[in-house]
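Visitor: I am attaching a structure below and will ask some questions about it afterwards.
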Amino acid sequence: MTQIATPQLDLARIRADFPILHQQVNGHPLAYLDSTASSQKPALVIDALTDYYRRYNANVHRGVYQLSEQATEAMEQARHKIARFINARSPREIIFTRNTTESINLVANAWGRANLKPGDRILLSEMEHHSNLVPWQIIAQATGAELDFIPVDGDGRLALDDLNTLLTEQTRLVAVTHMSNVLGTINPIAAIAQAAKAVGALVLVDGAQSVPHFTVDVQALGIDFLAFSGHKMCGPTGIGVLWGRKSILQAMPPFLGGGSMISRVELRQSTWHELPHKFEAGTPAIGEAIGLGYAVDYLSQIGMDAIHQAEQQLTAYALERLDAIDGLQTYGPAVAERGGVISFNLDGVHAHDVAAVLDQHGVAVRAGHHCCQPLMNILGAPATTRASFYLYTTPEEVDQLVVALEKCKAIFS
Amino acid sequence: MDDLYQQNILDHWKHPRNSGRLDSPTVSYEAINPLCGDKLRFDLLIEDETVKDVLFSGRGCAISQAAASMLTEEVKGKSLAEVRSLGKADVLELLGIPIGYSRLKCALLGLKALKVGVYTAIDEEWDEDELL
Ligand SMILES: Cc1ncc(COP(=O)(O)O)c(C=O)c1O
């Protein structure tokens, strides 16, 4: 059995930062193994939220009074922190949205409507989350563009052998996920982006699962858009990010119209504010943006490389323990090519029933199609149970999962 | 919460009653749970405003399978009016266990397939509010 090497992360200290982890569920210590759906929040982030609402809540970019100045400065500071975190050239390339889903819809609508015409092609993959699939279906229908798909191979990796045939002169955009939320597969984005550039296509990356778990450098990857969610990276819900290359964002028409995004407004026409405000109509999630800034501080201080390494070690350990359970099948590629997500099925037991029994043992996991119905069809499993890890996950929680799975087998035998 | 998978639930899951397809049903409707993609189909043979025969088929978790199996026993021989009046409370009573909010959709999937089938047979419009 794999010995877990000296941990790079001080798990006891990290866990002390997350108040929610210290509780009993159904008479067992909580083992929270659903961070892929949403991560837990450190006290630092929770405090940042209450601090904003208690001490300096006011609208931003509007008031000349003290509180508004303070709120504006804190929110813009968060933008700076996030820009540094993903190595954006400028904080003006950071657009606050609600989540990954809204970020992708922003590009599909604003960029898509202005740039796509009949005959144009958009290249996606078969492992996309519905949020990086459905917006493209809608925009393809509206513009007459067509969708192509990079297939998934038997190990749950993108089959890239035919990438150069899938990329045509008509391909305008490649939109792929950096890491699968079902299989944990980490995709070779830099190579895909390089091939896309060769045919002049833009590249959008769904970073919902990558930005929280390992270093993402938008310049090194050579991409054009990156979408991610605050709530999956120790930040609050209701705040997400779209990063885009400045020149492309500048050329794009707005997505939503309203306050804050305009420069001059007349009765019949308006001009747009500069970046990033052009894409931030209406009052933003101010406290949540500030909270996300603190989450980025927290992750940076611990170190994204250390987090990734620890998660891979834990995944290797978990795969070994799960694969040793008779009648249990795990999905996805080898550890070297994946992050801390493991989907599995127990022979003859529905994923929902597995998850319900695990819950009775304090283990929180997700069951279902994970918003990836096309991928589930390829796996030939209508549903899976999924355990996922983050910086606060311990080997003992994996052990608790294994014990609960044995109980589950006994109930349904 | 240790009582979710009671013996009666597991018994219906392992030995579903009235499972399969009818050769020539009066109506047949497949309900889908969009949360998990599970599907349950109810085939109904209706004669004289009465459910003469009923079979269910499809995949699902133990809760949805057990509830569907129990429902078939419940409605066989019942009048359409009686089937129409069945609701969430009746299914929960049949199951006899506490069902949390997230599993309600599982528990009621069979009821939906059954009732949409009956409403189709009598040419009445189905309203999802009936599952509330
Ligand atoms: C890969 C991936 N993309 C997109 C999303 C959507 O994220 P959100 O619901 O925060 O918009 C998720 C989260 O479920 C995800 O895992």
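Chain labels A, B, ... are given in the sequence in which chains occur in the structure tokens; within each chain residues are numbered consecutively from 1, and ligands are likewise numbered from 1 in the order shown.
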Within 8 Å of B:Leu10, counting only C-alpha atoms, which residues qualify if same-chain residues fewer than 3 places away don't, as a ChimeraX atom specification?

Guide: /A:412 /B:5-7,13-14,62,66

Visitor: Take the residues just selected and output them with N, CA, C and O atoms as a short mmCIF file (atom, residue, chain, number, x, y, z; two decimals), in the first residue's frame.

Guide:
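Result file is selection_36.cif:
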data_model
loop_
_atom_site.label_atom_id
_atom_site.label_comp_id
_atom_site.auth_asym_id
_atom_site.auth_seq_id
_atom_site.Cartn_x
_atom_site.Cartn_y
_atom_site.Cartn_z
N PHE A 412 -26.91 -3.86 0.78
CA PHE A 412 -27.54 -4.17 -0.51
C PHE A 412 -27.13 -5.53 -1.08
O PHE A 412 -27.37 -5.80 -2.25
N TYR B 5 -33.05 2.54 4.77
CA TYR B 5 -33.17 1.30 4.00
C TYR B 5 -33.75 0.18 4.86
O TYR B 5 -33.10 -0.79 5.19
N GLN B 6 -35.02 0.37 5.24
CA GLN B 6 -35.77 -0.60 6.01
C GLN B 6 -35.95 -1.88 5.20
O GLN B 6 -35.89 -1.86 3.98
N GLN B 7 -36.28 -2.96 5.93
CA GLN B 7 -36.43 -4.25 5.27
C GLN B 7 -37.46 -4.22 4.14
O GLN B 7 -37.23 -4.81 3.09
N TRP B 13 -37.04 -3.61 -3.44
CA TRP B 13 -35.93 -3.34 -4.36
C TRP B 13 -35.39 -4.64 -4.95
O TRP B 13 -35.14 -4.75 -6.14
N LYS B 14 -35.26 -5.65 -4.07
CA LYS B 14 -34.71 -6.94 -4.55
C LYS B 14 -35.74 -7.73 -5.34
O LYS B 14 -35.39 -8.43 -6.29
N ALA B 62 -32.92 2.53 -5.11
CA ALA B 62 -33.77 1.66 -4.30
C ALA B 62 -35.05 2.37 -3.89
O ALA B 62 -36.12 1.76 -3.84
N ALA B 66 -38.55 0.94 -5.11
CA ALA B 66 -39.46 0.42 -4.08
C ALA B 66 -40.79 1.16 -4.13
O ALA B 66 -41.86 0.55 -4.06
#

Visitor: Output the neighbourhood of ligand 1 as an MDAnalysis selection string, that is, all protein and nucleic acid residues with some atom at most 6 Å from the ligand, counting only C-alpha atoms and all ligand atoms.

Guide: chainID A and resid 37 99:101 129 131 177 180:181 206 208:209 229

Visitor: Write out, as CSV, each residue of chain B that has an atom at most 8 Å from chain A, together with the closest pair of atoms and their distance in Å to one decimal, counting only C-alpha atoms, rows going by chain and rising number.

Guide:
residue,atom,partner,partner_atom,distance
B:Met1,CA,A:Gln360,CA,6.3
B:Asp2,CA,A:Gln360,CA,6.2
B:Tyr5,CA,A:Ile411,CA,7.9
B:Leu10,CA,A:Phe412,CA,7.5
B:Leu35,CA,A:Gly368,CA,7.0
B:Cys36,CA,A:Gly368,CA,4.6
B:Gly37,CA,A:Pro382,CA,6.6
B:Asp38,CA,A:Pro382,CA,7.5
B:Gly60,CA,A:His350,CA,6.8
B:Cys61,CA,A:His350,CA,4.9
B:Ala62,CA,A:Asp353,CA,6.5
B:Ile63,CA,A:Asp353,CA,7.8

Visitor: What does the file look like for those residues with N, CA, C and O atoms, as a PDB file, in the first residue's frame?

Guide:
ATOM      1  N   MET B   1     -31.338   8.569  11.152  1.00  0.00           N
ATOM      2  CA  MET B   1     -31.325   8.384   9.692  1.00  0.00           C
ATOM      3  C   MET B   1     -30.985   6.953   9.309  1.00  0.00           C
ATOM      4  O   MET B   1     -30.974   6.597   8.152  1.00  0.00           O
ATOM      5  N   ASP B   2     -30.662   6.137  10.331  1.00  0.00           N
ATOM      6  CA  ASP B   2     -30.217   4.792  10.010  1.00  0.00           C
ATOM      7  C   ASP B   2     -31.343   3.938   9.436  1.00  0.00           C
ATOM      8  O   ASP B   2     -31.125   2.809   9.029  1.00  0.00           O
ATOM      9  N   TYR B   5     -33.049   2.543   4.772  1.00  0.00           N
ATOM     10  CA  TYR B   5     -33.171   1.297   4.004  1.00  0.00           C
ATOM     11  C   TYR B   5     -33.747   0.182   4.858  1.00  0.00           C
ATOM     12  O   TYR B   5     -33.105  -0.789   5.189  1.00  0.00           O
ATOM     13  N   LEU B  10     -35.925  -2.645   1.057  1.00  0.00           N
ATOM     14  CA  LEU B  10     -34.959  -3.547   0.425  1.00  0.00           C
ATOM     15  C   LEU B  10     -35.669  -4.736  -0.228  1.00  0.00           C
ATOM     16  O   LEU B  10     -35.253  -5.218  -1.283  1.00  0.00           O
ATOM     17  N   LEU B  35     -32.473  15.310 -12.210  1.00  0.00           N
ATOM     18  CA  LEU B  35     -31.350  15.434 -11.273  1.00  0.00           C
ATOM     19  C   LEU B  35     -30.367  14.291 -11.432  1.00  0.00           C
ATOM     20  O   LEU B  35     -29.166  14.465 -11.275  1.00  0.00           O
ATOM     21  N   CYS B  36     -30.865  13.085 -11.719  1.00  0.00           N
ATOM     22  CA  CYS B  36     -29.956  11.943 -11.807  1.00  0.00           C
ATOM     23  C   CYS B  36     -30.092  11.216 -13.135  1.00  0.00           C
ATOM     24  O   CYS B  36     -29.308  10.324 -13.434  1.00  0.00           O
ATOM     25  N   GLY B  37     -31.073  11.572 -13.946  1.00  0.00           N
ATOM     26  CA  GLY B  37     -31.249  10.907 -15.233  1.00  0.00           C
ATOM     27  C   GLY B  37     -31.988   9.579 -15.133  1.00  0.00           C
ATOM     28  O   GLY B  37     -32.131   8.869 -16.122  1.00  0.00           O
ATOM     29  N   ASP B  38     -32.462   9.238 -13.931  1.00  0.00           N
ATOM     30  CA  ASP B  38     -33.200   7.979 -13.784  1.00  0.00           C
ATOM     31  C   ASP B  38     -34.532   8.034 -14.528  1.00  0.00           C
ATOM     32  O   ASP B  38     -35.147   9.093 -14.630  1.00  0.00           O
ATOM     33  N   GLY B  60     -33.428   2.866 -11.633  1.00  0.00           N
ATOM     34  CA  GLY B  60     -33.562   3.879 -10.596  1.00  0.00           C
ATOM     35  C   GLY B  60     -32.938   3.388  -9.302  1.00  0.00           C
ATOM     36  O   GLY B  60     -32.488   2.245  -9.209  1.00  0.00           O
ATOM     37  N   CYS B  61     -32.906   4.257  -8.316  1.00  0.00           N
ATOM     38  CA  CYS B  61     -32.335   3.892  -7.021  1.00  0.00           C
ATOM     39  C   CYS B  61     -33.333   3.043  -6.247  1.00  0.00           C
ATOM     40  O   CYS B  61     -34.469   2.862  -6.663  1.00  0.00           O
ATOM     41  N   ALA B  62     -32.921   2.535  -5.106  1.00  0.00           N
ATOM     42  CA  ALA B  62     -33.773   1.657  -4.305  1.00  0.00           C
ATOM     43  C   ALA B  62     -35.054   2.365  -3.887  1.00  0.00           C
ATOM     44  O   ALA B  62     -36.125   1.757  -3.840  1.00  0.00           O
ATOM     45  N   ILE B  63     -34.955   3.661  -3.583  1.00  0.00           N
ATOM     46  CA  ILE B  63     -36.139   4.402  -3.144  1.00  0.00           C
ATOM     47  C   ILE B  63     -37.162   4.502  -4.277  1.00  0.00           C
ATOM     48  O   ILE B  63     -38.348   4.247  -4.093  1.00  0.00           O
TER      49      ILE B  63
END

Visitor: Among stretch 27-136 of chain A, which ones does DSSP assign to alpha helix (DSSP H) (computed from the backbone)? Answer as an MDAnalysis selection string.

Guide: chainID A and resid 43:51 66:85 100:106 112:115 134:136

Visitor: What's around A:Ile104 at 10 Å? Count only C-alpha atoms, leave out sequence neighbours fewer than 5 positions away in its own chain, and write the answer as a ChimeraX atom specification.

Guide: /A:97,99,109-110,131-136,175,204-206,225-228,241-242

Visitor: Have a look at atom CA of A:Leu158 and atom CA of A:Gln219 and let me know their distance in Å, one decimal.

Guide: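 Separation of atom CA of A:Leu158 and atom CA of A:Gln219: 22.5 Å.
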
Visitor: Restricting the calculation to only C-alpha atoms, which member of A:Phe214, A:Phe255, A:Phe279, A:Tyr392 is positioned closest to A:Gly339?

Guide: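 Checking each of A:Phe214, A:Phe255, A:Phe279, A:Tyr392 against A:Gly339, counting only C-alpha atoms, the winner is A:Phe214.
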
Visitor: As a PyMOL selection string, please: the residues near A:Arg366 (cut-off 8 Å, only C-alpha atoms, same-chain neighbours under 4 positions excluded).

Guide: chain A and resi 34+37+355+370+385-387

Visitor: What does the file look like for those residues with all heavy atoms, as an mmCIF file, in the first residue's frame?

Guide:
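File out22.cif, as written:
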data_model
loop_
_atom_site.group_PDB
_atom_site.id
_atom_site.type_symbol
_atom_site.label_atom_id
_atom_site.label_comp_id
_atom_site.auth_asym_id
_atom_site.auth_seq_id
_atom_site.Cartn_x
_atom_site.Cartn_y
_atom_site.Cartn_z
ATOM 1 N N ASP A 34 -16.912 16.478 -1.042
ATOM 2 C CA ASP A 34 -17.642 17.023 -2.196
ATOM 3 C C ASP A 34 -17.158 18.421 -2.553
ATOM 4 O O ASP A 34 -17.945 19.290 -2.930
ATOM 5 C CB ASP A 34 -19.146 17.024 -1.910
ATOM 6 C CG ASP A 34 -19.967 17.194 -3.188
ATOM 7 O OD1 ASP A 34 -19.436 16.889 -4.279
ATOM 8 O OD2 ASP A 34 -21.127 17.634 -3.088
ATOM 9 N N ALA A 37 -18.014 20.017 -5.987
ATOM 10 C CA ALA A 37 -19.285 20.731 -6.137
ATOM 11 C C ALA A 37 -19.177 22.125 -5.526
ATOM 12 O O ALA A 37 -19.558 23.112 -6.143
ATOM 13 C CB ALA A 37 -20.410 19.948 -5.474
ATOM 14 N N ALA A 355 -24.677 7.006 -1.987
ATOM 15 C CA ALA A 355 -24.471 8.306 -1.343
ATOM 16 C C ALA A 355 -25.310 8.432 -0.072
ATOM 17 O O ALA A 355 -24.860 9.018 0.916
ATOM 18 C CB ALA A 355 -24.802 9.434 -2.318
ATOM 19 N N HIS A 370 -23.610 14.527 -12.490
ATOM 20 C CA HIS A 370 -22.609 15.584 -12.302
ATOM 21 C C HIS A 370 -22.648 16.643 -13.403
ATOM 22 O O HIS A 370 -21.607 17.202 -13.773
ATOM 23 C CB HIS A 370 -21.201 14.988 -12.198
ATOM 24 C CG HIS A 370 -21.135 13.777 -11.320
ATOM 25 N ND1 HIS A 370 -21.293 13.855 -9.956
ATOM 26 C CD2 HIS A 370 -20.981 12.462 -11.609
ATOM 27 C CE1 HIS A 370 -21.214 12.631 -9.444
ATOM 28 N NE2 HIS A 370 -21.031 11.773 -10.420
ATOM 29 N N THR A 385 -21.131 7.660 -8.199
ATOM 30 C CA THR A 385 -20.885 8.331 -6.940
ATOM 31 C C THR A 385 -19.510 8.971 -7.073
ATOM 32 O O THR A 385 -18.622 8.397 -7.697
ATOM 33 C CB THR A 385 -20.880 7.322 -5.774
ATOM 34 O OG1 THR A 385 -22.067 6.543 -5.854
ATOM 35 C CG2 THR A 385 -20.830 8.036 -4.434
ATOM 36 N N ARG A 386 -19.342 10.169 -6.520
ATOM 37 C CA ARG A 386 -18.080 10.868 -6.703
ATOM 38 C C ARG A 386 -17.548 11.385 -5.372
ATOM 39 O O ARG A 386 -18.244 12.085 -4.652
ATOM 40 C CB ARG A 386 -18.282 12.054 -7.656
ATOM 41 C CG ARG A 386 -17.006 12.868 -7.889
ATOM 42 C CD ARG A 386 -17.307 14.121 -8.683
ATOM 43 N NE ARG A 386 -18.024 15.104 -7.871
ATOM 44 C CZ ARG A 386 -18.563 16.215 -8.354
ATOM 45 N NH1 ARG A 386 -18.493 16.481 -9.642
ATOM 46 N NH2 ARG A 386 -19.181 17.059 -7.556
ATOM 47 N N ALA A 387 -16.310 11.021 -5.087
ATOM 48 C CA ALA A 387 -15.626 11.575 -3.915
ATOM 49 C C ALA A 387 -14.578 12.539 -4.426
ATOM 50 O O ALA A 387 -13.880 12.248 -5.396
ATOM 51 C CB ALA A 387 -14.963 10.469 -3.105
#

Visitor: Applying 9 Å and only C-alpha atoms, which residues near stretch 377-381 of chain A remain after dropping the ones on its own chain fewer than 6 positions away? List them as a list in words.

Guide: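 Within the cut-off, the hits are Glu126, Val152, Gly154, Gly156, Tyr331, Asn345 and His369 of chain A.
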
Visitor: Keeping N, CA, C and O atoms, export the residues of the selection given above as a PDB file, in the first residue's frame.

Guide:
ATOM      1  N   GLU A 126     -16.116  16.044 -25.414  1.00  0.00           N
ATOM      2  CA  GLU A 126     -17.217  15.208 -24.913  1.00  0.00           C
ATOM      3  C   GLU A 126     -17.271  15.176 -23.394  1.00  0.00           C
ATOM      4  O   GLU A 126     -18.201  14.619 -22.829  1.00  0.00           O
ATOM      5  N   VAL A 152     -13.564  11.392 -26.112  1.00  0.00           N
ATOM      6  CA  VAL A 152     -12.929  10.925 -24.872  1.00  0.00           C
ATOM      7  C   VAL A 152     -12.539   9.466 -25.080  1.00  0.00           C
ATOM      8  O   VAL A 152     -13.328   8.677 -25.605  1.00  0.00           O
ATOM      9  N   GLY A 154     -10.919   5.526 -23.817  1.00  0.00           N
ATOM     10  CA  GLY A 154     -11.354   4.543 -22.828  1.00  0.00           C
ATOM     11  C   GLY A 154     -10.862   4.826 -21.416  1.00  0.00           C
ATOM     12  O   GLY A 154     -11.476   4.386 -20.439  1.00  0.00           O
ATOM     13  N   GLY A 156     -10.692   7.812 -20.222  1.00  0.00           N
ATOM     14  CA  GLY A 156     -11.267   9.072 -19.768  1.00  0.00           C
ATOM     15  C   GLY A 156     -10.372  10.265 -20.047  1.00  0.00           C
ATOM     16  O   GLY A 156     -10.453  11.281 -19.351  1.00  0.00           O
ATOM     17  N   TYR A 331     -13.468   5.145 -12.212  1.00  0.00           N
ATOM     18  CA  TYR A 331     -13.341   5.645 -13.574  1.00  0.00           C
ATOM     19  C   TYR A 331     -12.190   6.651 -13.650  1.00  0.00           C
ATOM     20  O   TYR A 331     -11.805   7.232 -12.635  1.00  0.00           O
ATOM     21  N   ASN A 345     -18.588   3.257  -9.078  1.00  0.00           N
ATOM     22  CA  ASN A 345     -19.869   2.597  -8.911  1.00  0.00           C
ATOM     23  C   ASN A 345     -19.696   1.284  -8.176  1.00  0.00           C
ATOM     24  O   ASN A 345     -18.689   0.598  -8.363  1.00  0.00           O
ATOM     25  N   HIS A 369     -25.369  12.519 -12.353  1.00  0.00           N
ATOM     26  CA  HIS A 369     -24.661  12.650 -13.633  1.00  0.00           C
ATOM     27  C   HIS A 369     -23.682  13.813 -13.616  1.00  0.00           C
ATOM     28  O   HIS A 369     -23.013  14.078 -14.602  1.00  0.00           O
TER      29      HIS A 369
END

Visitor: Looking only at the backbone, which of the residues in stretch 77-162 of chain A does DSSP tag as strand (DSSP E), as a ChimeraX atom specification?

Guide: /A:94-97,121-125,146-150
